[in-house]
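Undergrad: My questions will all concern the structure given below.
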2 protein chains.
Amino acid sequence: MHNLLEKLGYTPTDKLLIIHADDAGLCYAENRATKKALKEGIVNSYSIMVPCPWAYEMATFAKENPAFDCGIHLTLTCEWKHYKFGPVLPANEVPSLVDGNGHFYPKRAMMKENANPEEVKKELIAQVERALSWGIQPTHLDSHMFTTGLTKGIIQVYREVGKLFKIPIFLSRQLLNDFKMDTEQYLRETDFTIDNVFTGEWKWFEGEGLAAYYDWSLKNLKEGFNIILIHPAYDDAEMQGVAIDHPNFGAAWRQCDLDYFTSNRTKNLIEKYNIKLITWSNLKAILHKD
Amino acid sequence: MHNLLEKLGYTPTDKLLIIHADDAGLCYAENRATKKALKEGIVNSYSIMVPCPWAYEMATFAKENPAFDCGIHLTLTCEWKHYKFGPVLPANEVPSLVDGNGHFYPKRAMMKENANPEEVKKELIAQVERALSWGIQPTHLDSHMFTTGLTKGIIQVYREVGKLFKIPIFLSRQLLNDFKMDTEQYLRETDFTIDNVFTGEWKWFEGEGLAAYYDWSLKNLKEGFNIILIHPAYDDAEMQGVAIDHPNFGAAWRQCDLDYFTSNRTKNLIEKYNIKLITWSNLKAILHKD
């Protein structure tokens, strides 16, 4: 696949990086921070959780700001305690995806145990179609809590949805390995995969801090395709309410992401390490040029 | 109907008052403020907008705090520009209630023009049933932007839903008159109605301020059944985002409501004017004792 680097006008030793804000649309603290990270920071790509309450607000931003990559953060779980959402489709059309209240399951494992791939496919298509109906031109598809990579059947559905709409999908051998999935079984020769994925971890958050993790990531970035997945938001009352009893990827965590990726220091590191920022739009132009 | 006063243990010259917080569940700023107004203020009754994103969070409060009246704020409109919600039922089951995005209409007039009373009935029942499924024991039904009082057909549906679940419904001759509806045609002898309804108005907000309006209301309260409808919330980033371009009942307005109804000064006025605070639970015990 790595003649892709050349098709993009780079050499095989170049370090290409997408800095990607997940979770746009989750809540207003997330939307405000994502917009700031795009406009004032070095984030150039984000994706919207279509089933979430603030997705429509973010969609109005996407329409008015087509320069930034805007993907769809396909959503099949709701990990929050009190702030709940469910599928775009009526719950009775996708019963395997919801709990007794019609909300998504909070855990990946519960979703994996229950989800029927045919219902997953219907729901993913409905999420893309709703985004299209709002006027979004999606540059890529990715997935919240990587639930679209949970089983071979669901990965296949994910691949089909990408093909149906001619939108690149985010896949990563490393991420599948991290989740203890057999990439030989799950991935195909023709899949485009991102070589290296960086996302904050609890041990860093508790330990040296997320800024130290991002410093380390930028310093150790390898040649090829890299992505840093972040979740910028303000550590305010709303975000604290959304993430109540959930410090992992919680409000303070998200504020760190916002601060780090809007600082001049970080911009200077990108230059210092000679990192080339690319977008999903660049990839889409090559992967789906037919 | 005014032997009801006596059944409640009061005399016909007593000034009975419900101080009611509408719009719980709308957003987290509203939920936090509503809880504060109940716990620290003199608000003793509120109602939840079941279709809204933060309704579930408020429902958990309702279950843990049964001492406060909790009604259902039946919702058929969404007046906000970017923060959108729609029916509890799938949009394709209640097409007359939604716009092209599946969201409620923003204006009362648009809803009135389009809404099919049969679909209104299905949706109202679904809202009550969802609240029941969350473990709420509703003390009353009322309605957002008084849309359940828009046409004779819809008032009849509203009445039927109250009867079906044996829950008192909020009706007011004065409110119907304010909306230029013929109360002779709309109301029945057997309807329980609140005599006097007080709710902030733009001319006061712009002029002397809402506190002056509430001072005036308490001072001029009449004998019989009175209700003050308020909308407490924090004037923070989230509420400002919800109410963007909508200063009428906007974020600053809602902060005034919170401040006024949690102040000791207001508590003292209630005592000074010899106002008796009552609840919908008191009324329910009499209106639906069979």
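Every chain in the structure tokens has a letter given in the order shown (A, B, ...), and although residue numbers restart at 1 in each chain, ligands are simply numbered from 1 in the order shown.
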Check which residues of chain A sit at most 9 Å from chain B using only C-alpha atoms, and return one row each with the closest pair of atoms and their distance in Å to one decimal, ordered by chain and rising number, as a Markdown table.
TA:
| residue | atom | partner | partner_atom | distance |
| --- | --- | --- | --- | --- |
| A:Cys27 | CA | B:Glu238 | CA | 8.6 |
| A:Tyr28 | CA | B:Glu238 | CA | 6.1 |
| A:Ala29 | CA | B:Glu238 | CA | 7.2 |
| A:Cys52 | CA | B:Pro53 | CA | 8.5 |
| A:Pro53 | CA | B:Pro53 | CA | 6.0 |
| A:Trp54 | CA | B:Tyr83 | CA | 6.2 |
| A:Ala55 | CA | B:Tyr83 | CA | 8.5 |
| A:Tyr56 | CA | B:His82 | CA | 6.3 |
| A:Glu57 | CA | B:His82 | CA | 4.8 |
| A:Met58 | CA | B:His82 | CA | 8.5 |
| A:Thr60 | CA | B:His82 | CA | 7.9 |
| A:Lys81 | CA | B:Glu57 | CA | 8.5 |
| A:His82 | CA | B:Glu57 | CA | 4.8 |
| A:Tyr83 | CA | B:Trp54 | CA | 6.2 |
| A:Lys84 | CA | B:Tyr56 | CA | 7.0 |
| A:Phe85 | CA | B:Pro53 | CA | 7.4 |
| A:Leu89 | CA | B:Pro90 | CA | 7.6 |
| A:Pro90 | CA | B:Pro90 | CA | 5.3 |
| A:Ala91 | CA | B:Pro90 | CA | 8.4 |
| A:Gly100 | CA | B:Ser133 | CA | 8.9 |
| A:Asn101 | CA | B:Ser133 | CA | 7.6 |
| A:Arg130 | CA | B:Asn101 | CA | 8.0 |
| A:Ser133 | CA | B:Asn101 | CA | 7.6 |
| A:Trp134 | CA | B:Asn101 | CA | 7.7 |
| A:Asp236 | CA | B:Ala237 | CA | 8.8 |
| A:Ala237 | CA | B:Ala29 | CA | 8.0 |
| A:Glu238 | CA | B:Tyr28 | CA | 6.1 |
| A:Gly241 | CA | B:Tyr28 | CA | 7.2 |
| A:Val242 | CA | B:Tyr28 | CA | 8.6 |
Undergrad: Print the selection's residues with N, CA, C and O atoms to a file, as a CSV table (one decimal), in the first residue's frame.
TA:
chain,number,residue,atom,x,y,z
A,27,CYS,N,-21.3,16.8,23.1
A,27,CYS,CA,-22.0,17.8,24.0
A,27,CYS,C,-21.4,19.2,23.6
A,27,CYS,O,-20.5,19.2,22.7
A,28,TYR,N,-21.9,20.2,24.2
A,28,TYR,CA,-21.4,21.5,23.7
A,28,TYR,C,-20.0,21.9,24.1
A,28,TYR,O,-19.3,22.5,23.4
A,29,ALA,N,-19.6,21.4,25.3
A,29,ALA,CA,-18.2,21.6,25.7
A,29,ALA,C,-17.2,20.9,24.7
A,29,ALA,O,-16.1,21.4,24.4
A,52,CYS,N,-25.7,11.8,18.7
A,52,CYS,CA,-25.6,12.6,20.0
A,52,CYS,C,-26.4,13.9,19.9
A,52,CYS,O,-26.6,14.5,18.9
A,53,PRO,N,-26.7,14.4,21.1
A,53,PRO,CA,-27.6,15.6,21.2
A,53,PRO,C,-27.0,16.8,20.5
A,53,PRO,O,-27.8,17.6,20.0
A,54,TRP,N,-25.7,17.0,20.5
A,54,TRP,CA,-25.2,18.2,19.9
A,54,TRP,C,-24.6,18.0,18.5
A,54,TRP,O,-23.9,18.9,18.0
A,55,ALA,N,-25.0,16.9,17.9
A,55,ALA,CA,-24.4,16.6,16.5
A,55,ALA,C,-24.9,17.6,15.5
A,55,ALA,O,-24.2,18.1,14.6
A,56,TYR,N,-26.2,18.0,15.6
A,56,TYR,CA,-26.7,19.0,14.6
A,56,TYR,C,-26.0,20.3,14.7
A,56,TYR,O,-25.7,20.9,13.7
A,57,GLU,N,-25.7,20.7,15.9
A,57,GLU,CA,-24.9,22.0,16.1
A,57,GLU,C,-23.6,21.9,15.4
A,57,GLU,O,-23.1,22.8,14.7
A,58,MET,N,-22.9,20.8,15.6
A,58,MET,CA,-21.6,20.6,14.9
A,58,MET,C,-21.7,20.5,13.4
A,58,MET,O,-20.9,20.9,12.7
A,60,THR,N,-23.8,22.1,11.6
A,60,THR,CA,-23.9,23.5,11.0
A,60,THR,C,-22.5,24.1,10.9
A,60,THR,O,-22.2,24.8,9.9
A,81,LYS,N,-22.9,7.6,32.3
A,81,LYS,CA,-23.8,7.1,33.4
A,81,LYS,C,-25.2,7.7,33.3
A,81,LYS,O,-26.2,7.0,33.4
A,82,HIS,N,-25.2,9.0,33.1
A,82,HIS,CA,-26.5,9.7,33.1
A,82,HIS,C,-26.9,10.3,31.8
A,82,HIS,O,-28.1,10.7,31.6
A,83,TYR,N,-25.9,10.5,31.0
A,83,TYR,CA,-26.1,11.2,29.7
A,83,TYR,C,-26.2,10.1,28.6
A,83,TYR,O,-25.3,9.5,28.3
A,84,LYS,N,-27.5,9.9,28.2
A,84,LYS,CA,-27.7,8.7,27.4
A,84,LYS,C,-28.2,9.0,26.0
A,84,LYS,O,-28.9,10.0,25.8
A,85,PHE,N,-27.8,8.2,25.1
A,85,PHE,CA,-28.3,8.3,23.7
A,85,PHE,C,-28.4,6.9,23.1
A,85,PHE,O,-27.8,6.0,23.6
A,89,LEU,N,-31.9,5.0,14.3
A,89,LEU,CA,-33.1,4.3,13.9
A,89,LEU,C,-33.9,4.0,15.1
A,89,LEU,O,-33.4,4.0,16.3
A,90,PRO,N,-35.2,3.8,14.9
A,90,PRO,CA,-36.1,3.4,16.1
A,90,PRO,C,-35.5,2.2,16.8
A,90,PRO,O,-35.1,1.2,16.1
A,91,ALA,N,-35.6,2.2,18.1
A,91,ALA,CA,-35.0,1.1,18.9
A,91,ALA,C,-35.6,-0.3,18.4
A,91,ALA,O,-34.9,-1.3,18.4
A,100,GLY,N,-32.8,-1.8,27.8
A,100,GLY,CA,-34.3,-1.7,28.0
A,100,GLY,C,-34.8,-0.3,27.8
A,100,GLY,O,-36.0,-0.1,27.6
A,101,ASN,N,-33.9,0.7,27.9
A,101,ASN,CA,-34.4,2.1,27.8
A,101,ASN,C,-34.2,2.6,26.3
A,101,ASN,O,-34.4,3.8,26.1
A,130,ARG,N,-28.1,10.3,7.7
A,130,ARG,CA,-28.6,11.5,8.5
A,130,ARG,C,-27.5,12.6,8.3
A,130,ARG,O,-27.9,13.7,8.1
A,133,SER,N,-28.0,14.1,5.0
A,133,SER,CA,-29.2,14.9,5.0
A,133,SER,C,-29.0,16.3,5.7
A,133,SER,O,-29.7,17.3,5.4
A,134,TRP,N,-28.0,16.4,6.6
A,134,TRP,CA,-27.7,17.6,7.2
A,134,TRP,C,-26.7,18.5,6.4
A,134,TRP,O,-26.3,19.5,6.8
A,236,ASP,N,-15.6,21.8,32.0
A,236,ASP,CA,-16.6,22.6,32.7
A,236,ASP,C,-17.8,21.8,33.2
A,236,ASP,O,-17.8,20.6,33.2
A,237,ALA,N,-18.8,22.5,33.8
A,237,ALA,CA,-19.9,21.8,34.4
A,237,ALA,C,-20.6,20.8,33.5
A,237,ALA,O,-20.9,19.6,33.9
A,238,GLU,N,-20.8,21.1,32.3
A,238,GLU,CA,-21.5,20.2,31.4
A,238,GLU,C,-20.7,19.0,31.1
A,238,GLU,O,-21.2,17.9,31.3
A,241,GLY,N,-20.6,16.8,34.0
A,241,GLY,CA,-21.8,16.0,34.1
A,241,GLY,C,-21.9,14.9,33.2
A,241,GLY,O,-22.4,13.8,33.5
A,242,VAL,N,-21.5,15.1,32.0
A,242,VAL,CA,-21.5,14.0,31.0
A,242,VAL,C,-20.6,12.8,31.5
A,242,VAL,O,-21.0,11.7,31.5
Undergrad: As a PyMOL selection string, please: every residue in segment 3-172 of chain B that a backbone DSSP assignment puts in alpha helix (DSSP H).
TA: chain B and resi 3-7+28-39+55-64+108-114+117-133+152-165
Undergrad: Which residues are close to Lys39 of chain B, i.e. within 10 Å by only C-alpha atoms, leaving aside same-chain residues fewer than 4 positions away? Reply as a ChimeraX atom specification.
TA: /B:33-35,43-44,65,68,262
Undergrad: I'd like the interatomic distance between atom CA of Pro247 of chain A and atom CA of Phe146 of chain A, to a tenth of an Å.
TA: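 Distance between the two atoms: 19.1 Å.
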Undergrad: Skip segment 149-166 of chain A itself and residues of its chain fewer than 3 positions away, then list as number ranges by chain all residues within 10 Å of it, counting only C-alpha atoms.
TA: A: 74, 108-109, 111-113, 115-122, 124-125, 128-129, 138-143, 145-146, 169-172, 175-176, 179-183, 185-187, 191, 284, 287-290
Undergrad: Among segment 43-277 of chain B, which residues does DSSP mark as strand (DSSP E) when it is run on the backbone? Keep the chain and numbering as in the structure and answer as a count of residues only.
TA: 27
Undergrad: In Å to one decimal, how far is atom CA of Gly224 of chain B from atom CA of Leu5 of chain B?
TA: 7.3 Å
Undergrad: Fewer than 6 positions away in the same chain doesn't count, so skip those; otherwise give me all residues within 7 Å of Ile278 of chain A, counting only C-alpha atoms, as a CSV table (one decimal) with N, CA and C atoms, in the first residue's frame.
TA:
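Contents of selection.csv, freshly written:
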chain,number,residue,atom,x,y,z
A,16,LEU,N,4.0,11.1,8.1
A,16,LEU,CA,2.8,11.7,7.9
A,16,LEU,C,1.9,11.6,9.1
A,17,LEU,N,1.1,12.6,9.4
A,17,LEU,CA,0.3,12.6,10.7
A,17,LEU,C,-1.0,13.3,10.4
A,18,ILE,N,-2.1,12.6,10.9
A,18,ILE,CA,-3.4,13.2,11.0
A,18,ILE,C,-3.6,13.4,12.5
Undergrad: Could you check the closest approach to Ile227 of chain B for each of B:Ser45, B:Gln137, B:Asn31, B:Asn264 and tell me which residue wins, using only C-alpha atoms?
TA: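 Going through B:Ser45, B:Gln137, B:Asn31, B:Asn264 one by one, the smallest distance to Ile227 of chain B is for B:Ser45.
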Undergrad: Neighbours of Asn220 of chain A within 12 Å (only C-alpha atoms; same-chain residues fewer than 5 positions away dropped), as a PDB file with all heavy atoms, in the first residue's frame?
TA:
ATOM      1  N   LYS A  15       7.262  11.264   7.646  1.00  0.00           N
ATOM      2  CA  LYS A  15       6.369  10.963   8.775  1.00  0.00           C
ATOM      3  C   LYS A  15       5.080  11.760   8.573  1.00  0.00           C
ATOM      4  O   LYS A  15       5.069  12.977   8.771  1.00  0.00           O
ATOM      5  CB  LYS A  15       7.034  11.384  10.097  1.00  0.00           C
ATOM      6  CG  LYS A  15       8.294  10.599  10.399  1.00  0.00           C
ATOM      7  CD  LYS A  15       8.924  11.007  11.716  1.00  0.00           C
ATOM      8  CE  LYS A  15       9.655  12.326  11.636  1.00  0.00           C
ATOM      9  NZ  LYS A  15      10.405  12.652  12.864  1.00  0.00           N
ATOM     10  N   ASN A 196       0.358   3.608  12.441  1.00  0.00           N
ATOM     11  CA  ASN A 196       0.554   3.814  13.883  1.00  0.00           C
ATOM     12  C   ASN A 196      -0.520   4.722  14.462  1.00  0.00           C
ATOM     13  O   ASN A 196      -0.764   5.801  13.929  1.00  0.00           O
ATOM     14  CB  ASN A 196       1.918   4.454  14.145  1.00  0.00           C
ATOM     15  CG  ASN A 196       3.044   3.666  13.507  1.00  0.00           C
ATOM     16  OD1 ASN A 196       3.281   2.511  13.868  1.00  0.00           O
ATOM     17  ND2 ASN A 196       3.699   4.265  12.519  1.00  0.00           N
ATOM     18  N   VAL A 197      -1.131   4.238  15.531  1.00  0.00           N
ATOM     19  CA  VAL A 197      -2.218   4.986  16.181  1.00  0.00           C
ATOM     20  C   VAL A 197      -1.771   5.366  17.589  1.00  0.00           C
ATOM     21  O   VAL A 197      -1.290   4.514  18.347  1.00  0.00           O
ATOM     22  CB  VAL A 197      -3.498   4.122  16.277  1.00  0.00           C
ATOM     23  CG1 VAL A 197      -4.615   4.899  16.954  1.00  0.00           C
ATOM     24  CG2 VAL A 197      -3.916   3.637  14.893  1.00  0.00           C
ATOM     25  N   PHE A 198      -1.935   6.634  17.905  1.00  0.00           N
ATOM     26  CA  PHE A 198      -1.571   7.127  19.235  1.00  0.00           C
ATOM     27  C   PHE A 198      -2.823   7.672  19.914  1.00  0.00           C
ATOM     28  O   PHE A 198      -3.515   8.509  19.335  1.00  0.00           O
ATOM     29  CB  PHE A 198      -0.528   8.244  19.135  1.00  0.00           C
ATOM     30  CG  PHE A 198       0.767   7.802  18.505  1.00  0.00           C
ATOM     31  CD1 PHE A 198       0.938   7.832  17.129  1.00  0.00           C
ATOM     32  CD2 PHE A 198       1.799   7.338  19.306  1.00  0.00           C
ATOM     33  CE1 PHE A 198       2.124   7.413  16.550  1.00  0.00           C
ATOM     34  CE2 PHE A 198       3.000   6.917  18.729  1.00  0.00           C
ATOM     35  CZ  PHE A 198       3.157   6.960  17.348  1.00  0.00           C
ATOM     36  N   TYR A 213       2.815  12.254  27.338  1.00  0.00           N
ATOM     37  CA  TYR A 213       2.537  11.193  26.357  1.00  0.00           C
ATOM     38  C   TYR A 213       2.572  11.738  24.930  1.00  0.00           C
ATOM     39  O   TYR A 213       3.151  11.130  24.022  1.00  0.00           O
ATOM     40  CB  TYR A 213       1.171  10.545  26.639  1.00  0.00           C
ATOM     41  CG  TYR A 213       0.737   9.629  25.520  1.00  0.00           C
ATOM     42  CD1 TYR A 213       1.359   8.397  25.321  1.00  0.00           C
ATOM     43  CD2 TYR A 213      -0.260  10.015  24.620  1.00  0.00           C
ATOM     44  CE1 TYR A 213       0.999   7.570  24.279  1.00  0.00           C
ATOM     45  CE2 TYR A 213      -0.635   9.186  23.572  1.00  0.00           C
ATOM     46  CZ  TYR A 213       0.001   7.967  23.406  1.00  0.00           C
ATOM     47  OH  TYR A 213      -0.355   7.162  22.360  1.00  0.00           O
ATOM     48  N   TYR A 214       1.942  12.904  24.731  1.00  0.00           N
ATOM     49  CA  TYR A 214       1.927  13.468  23.380  1.00  0.00           C
ATOM     50  C   TYR A 214       3.331  13.909  22.957  1.00  0.00           C
ATOM     51  O   TYR A 214       3.713  13.743  21.799  1.00  0.00           O
ATOM     52  CB  TYR A 214       0.912  14.619  23.286  1.00  0.00           C
ATOM     53  CG  TYR A 214      -0.523  14.160  23.494  1.00  0.00           C
ATOM     54  CD1 TYR A 214      -1.359  14.784  24.428  1.00  0.00           C
ATOM     55  CD2 TYR A 214      -1.049  13.100  22.767  1.00  0.00           C
ATOM     56  CE1 TYR A 214      -2.673  14.363  24.623  1.00  0.00           C
ATOM     57  CE2 TYR A 214      -2.356  12.664  22.962  1.00  0.00           C
ATOM     58  CZ  TYR A 214      -3.165  13.301  23.896  1.00  0.00           C
ATOM     59  OH  TYR A 214      -4.447  12.870  24.087  1.00  0.00           O
ATOM     60  N   ASP A 215       4.083  14.453  23.900  1.00  0.00           N
ATOM     61  CA  ASP A 215       5.489  14.784  23.599  1.00  0.00           C
ATOM     62  C   ASP A 215       6.231  13.533  23.110  1.00  0.00           C
ATOM     63  O   ASP A 215       6.942  13.563  22.113  1.00  0.00           O
ATOM     64  CB  ASP A 215       6.204  15.299  24.863  1.00  0.00           C
ATOM     65  CG  ASP A 215       5.934  16.777  25.149  1.00  0.00           C
ATOM     66  OD1 ASP A 215       5.297  17.450  24.309  1.00  0.00           O
ATOM     67  OD2 ASP A 215       6.359  17.249  26.221  1.00  0.00           O
ATOM     68  N   ASN A 226       0.524   7.981  10.313  1.00  0.00           N
ATOM     69  CA  ASN A 226       0.301   8.038  11.762  1.00  0.00           C
ATOM     70  C   ASN A 226      -0.972   8.824  12.058  1.00  0.00           C
ATOM     71  O   ASN A 226      -1.329   9.748  11.305  1.00  0.00           O
ATOM     72  CB  ASN A 226       1.459   8.774  12.437  1.00  0.00           C
ATOM     73  CG  ASN A 226       2.780   8.064  12.249  1.00  0.00           C
ATOM     74  OD1 ASN A 226       3.095   7.129  12.973  1.00  0.00           O
ATOM     75  ND2 ASN A 226       3.561   8.488  11.245  1.00  0.00           N
ATOM     76  N   LEU A 269       6.975  21.785  17.956  1.00  0.00           N
ATOM     77  CA  LEU A 269       7.455  20.392  17.958  1.00  0.00           C
ATOM     78  C   LEU A 269       7.196  19.725  16.607  1.00  0.00           C
ATOM     79  O   LEU A 269       8.032  18.984  16.101  1.00  0.00           O
ATOM     80  CB  LEU A 269       6.772  19.581  19.065  1.00  0.00           C
ATOM     81  CG  LEU A 269       7.195  19.861  20.508  1.00  0.00           C
ATOM     82  CD1 LEU A 269       6.423  18.962  21.472  1.00  0.00           C
ATOM     83  CD2 LEU A 269       8.708  19.641  20.685  1.00  0.00           C
ATOM     84  N   ILE A 270       6.025  19.990  16.045  1.00  0.00           N
ATOM     85  CA  ILE A 270       5.669  19.419  14.739  1.00  0.00           C
ATOM     86  C   ILE A 270       6.724  19.829  13.688  1.00  0.00           C
ATOM     87  O   ILE A 270       7.180  19.009  12.897  1.00  0.00           O
ATOM     88  CB  ILE A 270       4.259  19.904  14.293  1.00  0.00           C
ATOM     89  CG1 ILE A 270       3.179  19.512  15.312  1.00  0.00           C
ATOM     90  CG2 ILE A 270       3.931  19.447  12.877  1.00  0.00           C
ATOM     91  CD1 ILE A 270       2.686  18.121  15.238  1.00  0.00           C
ATOM     92  N   TYR A 273      10.307  18.232  14.500  1.00  0.00           N
ATOM     93  CA  TYR A 273      10.464  16.819  14.147  1.00  0.00           C
ATOM     94  C   TYR A 273      10.170  16.561  12.669  1.00  0.00           C
ATOM     95  O   TYR A 273      10.118  15.417  12.242  1.00  0.00           O
ATOM     96  CB  TYR A 273       9.569  15.941  15.034  1.00  0.00           C
ATOM     97  CG  TYR A 273       9.905  16.002  16.511  1.00  0.00           C
ATOM     98  CD1 TYR A 273       8.906  16.196  17.452  1.00  0.00           C
ATOM     99  CD2 TYR A 273      11.217  15.853  16.961  1.00  0.00           C
ATOM    100  CE1 TYR A 273       9.193  16.249  18.813  1.00  0.00           C
ATOM    101  CE2 TYR A 273      11.514  15.910  18.325  1.00  0.00           C
ATOM    102  CZ  TYR A 273      10.501  16.110  19.242  1.00  0.00           C
ATOM    103  OH  TYR A 273      10.797  16.152  20.580  1.00  0.00           O
ATOM    104  N   ASN A 274       9.928  17.624  11.944  1.00  0.00           N
ATOM    105  CA  ASN A 274       9.680  17.512  10.493  1.00  0.00           C
ATOM    106  C   ASN A 274       8.514  16.562  10.184  1.00  0.00           C
ATOM    107  O   ASN A 274       8.614  15.663   9.340  1.00  0.00           O
ATOM    108  CB  ASN A 274      10.965  17.072   9.789  1.00  0.00           C
ATOM    109  CG  ASN A 274      10.902  17.332   8.292  1.00  0.00           C
ATOM    110  OD1 ASN A 274      10.125  18.168   7.831  1.00  0.00           O
ATOM    111  ND2 ASN A 274      11.698  16.596   7.531  1.00  0.00           N
ATOM    112  N   ILE A 275       7.444  16.763  10.910  1.00  0.00           N
ATOM    113  CA  ILE A 275       6.230  15.947  10.728  1.00  0.00           C
ATOM    114  C   ILE A 275       5.350  16.616   9.681  1.00  0.00           C
ATOM    115  O   ILE A 275       5.171  17.837   9.694  1.00  0.00           O
ATOM    116  CB  ILE A 275       5.487  15.820  12.082  1.00  0.00           C
ATOM    117  CG1 ILE A 275       6.353  15.027  13.077  1.00  0.00           C
ATOM    118  CG2 ILE A 275       4.120  15.185  11.895  1.00  0.00           C
ATOM    119  CD1 ILE A 275       5.901  15.146  14.527  1.00  0.00           C
TER     120      ILE A 275
END
